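Asker: Here it is, the structure, as structure tokens.
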Amino acid sequence: MFAENLKALRQARDMTQSQLALKLGVDQRTVSAWEHRVCQPDYDMLARICDLFGESFDGMLT
């Protein structure tokens with residue numbers, strides 16, 4: 001699932017939620033909400049996340 005994949009990729013790079021948020025131009029609370037399955041990013045943000053981590057959409061969503 002997206003939430004678990006995002007958290008694992010972020011932690012594997014020793015990146016905090018705040019650092020990821022800064023790179024993506026969002027608030028830290030947004031990253032937290034993604035990781036806690038409160039909401040999911042829109043398509044454009046998902047594409048930016050995939051690019052940042054070098055992952056495919058399939059890789060991020062499964």
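By convention in this document, the chains of the structure tokens carry letters A, B, ... by their order, each chain's residues are numbered from 1, and ligands are numbered from 1 in the order they are shown.
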Please list as a list in words every residue within 10 Å of Ser32 of chain A, counting only C-alpha atoms and excluding residues in the same chain fewer than 4 positions away.
Answerer: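 Non-adjacent residues within range: Ala3, Lys7, Gln17, Ser18, Ala21, Asp27, Gln28, His36, Arg37, Val38 and Cys39 of chain A.
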Asker: Please identify all polymer residues within 8 Å of Ile49 of chain A, counting only C-alpha atoms, omitting same-chain residues fewer than 4 positions from it, and present them as an mmCIF file with C-alpha atoms, in the first residue's frame.
Answerer:
data_model
loop_
_atom_site.group_PDB
_atom_site.id
_atom_site.type_symbol
_atom_site.label_atom_id
_atom_site.label_comp_id
_atom_site.auth_asym_id
_atom_site.auth_seq_id
_atom_site.Cartn_x
_atom_site.Cartn_y
_atom_site.Cartn_z
ATOM 1 C CA LEU A 24 7.540 18.319 -2.040
ATOM 2 C CA MET A 45 1.819 14.857 -6.304
ATOM 3 C CA PHE A 53 12.182 8.132 -4.940
#
Asker: Could you jot down the atom CA of Leu61 of chain A to atom CA of Leu6 of chain A separation for me, Å, one decimal place?
Answerer: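 Calculated distance between atom CA of Leu61 of chain A and atom CA of Leu6 of chain A is 9.3 Å.
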Asker: Mind giving me the straight-line distance from atom CA of Met1 of chain A to atom CA of Gly59 of chain A in Å, one decimal?
Answerer: 9.1 Å
Asker: From a DSSP pass on the backbone, collect the residues of chain A flagged as alpha helix (DSSP H) and hand them back as an MDAnalysis selection string.
Answerer: chainID A and resid 2:12 17:24 28:35 43:53 57:61
Asker: Would you save the residues from that selection as a PDB file, in the first residue's frame, using C-alpha atoms?
Answerer:
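The result, written out as part.pdb:
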ATOM      1  CA  PHE A   2       0.991   3.572  -0.631  1.00  0.00           C
ATOM      2  CA  ALA A   3       1.235   4.608   3.033  1.00  0.00           C
ATOM      3  CA  GLU A   4       3.607   1.796   3.961  1.00  0.00           C
ATOM      4  CA  ASN A   5       5.708   2.233   0.827  1.00  0.00           C
ATOM      5  CA  LEU A   6       6.068   5.963   1.349  1.00  0.00           C
ATOM      6  CA  LYS A   7       7.136   5.554   4.966  1.00  0.00           C
ATOM      7  CA  ALA A   8       9.598   2.762   4.133  1.00  0.00           C
ATOM      8  CA  LEU A   9      11.185   4.723   1.272  1.00  0.00           C
ATOM      9  CA  ARG A  10      11.434   7.861   3.398  1.00  0.00           C
ATOM     10  CA  GLN A  11      12.987   6.028   6.332  1.00  0.00           C
ATOM     11  CA  ALA A  12      15.394   4.105   4.098  1.00  0.00           C
ATOM     12  CA  GLN A  17       8.492  13.749   7.383  1.00  0.00           C
ATOM     13  CA  SER A  18       9.443  17.419   7.589  1.00  0.00           C
ATOM     14  CA  GLN A  19      12.329  16.968   5.164  1.00  0.00           C
ATOM     15  CA  LEU A  20      10.117  15.135   2.687  1.00  0.00           C
ATOM     16  CA  ALA A  21       7.431  17.785   3.052  1.00  0.00           C
ATOM     17  CA  LEU A  22       9.964  20.505   2.291  1.00  0.00           C
ATOM     18  CA  LYS A  23      11.125  18.703  -0.864  1.00  0.00           C
ATOM     19  CA  LEU A  24       7.540  18.319  -2.040  1.00  0.00           C
ATOM     20  CA  GLN A  28       4.610  17.983   7.403  1.00  0.00           C
ATOM     21  CA  ARG A  29       1.049  17.227   8.509  1.00  0.00           C
ATOM     22  CA  THR A  30       0.215  16.307   4.918  1.00  0.00           C
ATOM     23  CA  VAL A  31       3.002  13.718   4.801  1.00  0.00           C
ATOM     24  CA  SER A  32       1.828  12.389   8.160  1.00  0.00           C
ATOM     25  CA  ALA A  33      -1.739  12.112   6.848  1.00  0.00           C
ATOM     26  CA  TRP A  34      -0.507  10.136   3.825  1.00  0.00           C
ATOM     27  CA  GLU A  35       1.482   7.770   6.026  1.00  0.00           C
ATOM     28  CA  TYR A  43      -2.069  12.294  -9.272  1.00  0.00           C
ATOM     29  CA  ASP A  44       0.397  15.157  -9.819  1.00  0.00           C
ATOM     30  CA  MET A  45       1.819  14.857  -6.304  1.00  0.00           C
ATOM     31  CA  LEU A  46       2.035  11.081  -6.644  1.00  0.00           C
ATOM     32  CA  ALA A  47       4.072  11.586  -9.820  1.00  0.00           C
ATOM     33  CA  ARG A  48       6.436  13.941  -7.935  1.00  0.00           C
ATOM     34  CA  ILE A  49       6.812  11.403  -5.118  1.00  0.00           C
ATOM     35  CA  CYS A  50       7.564   8.622  -7.611  1.00  0.00           C
ATOM     36  CA  ASP A  51      10.182  10.795  -9.329  1.00  0.00           C
ATOM     37  CA  LEU A  52      11.773  11.739  -6.024  1.00  0.00           C
ATOM     38  CA  PHE A  53      12.182   8.132  -4.940  1.00  0.00           C
ATOM     39  CA  PHE A  57       3.311   4.175  -9.883  1.00  0.00           C
ATOM     40  CA  ASP A  58       2.817   0.425  -9.558  1.00  0.00           C
ATOM     41  CA  GLY A  59       5.688   0.180  -7.118  1.00  0.00           C
ATOM     42  CA  MET A  60       4.273   2.934  -4.942  1.00  0.00           C
ATOM     43  CA  LEU A  61       0.681   1.708  -4.965  1.00  0.00           C
TER      44      LEU A  61
END
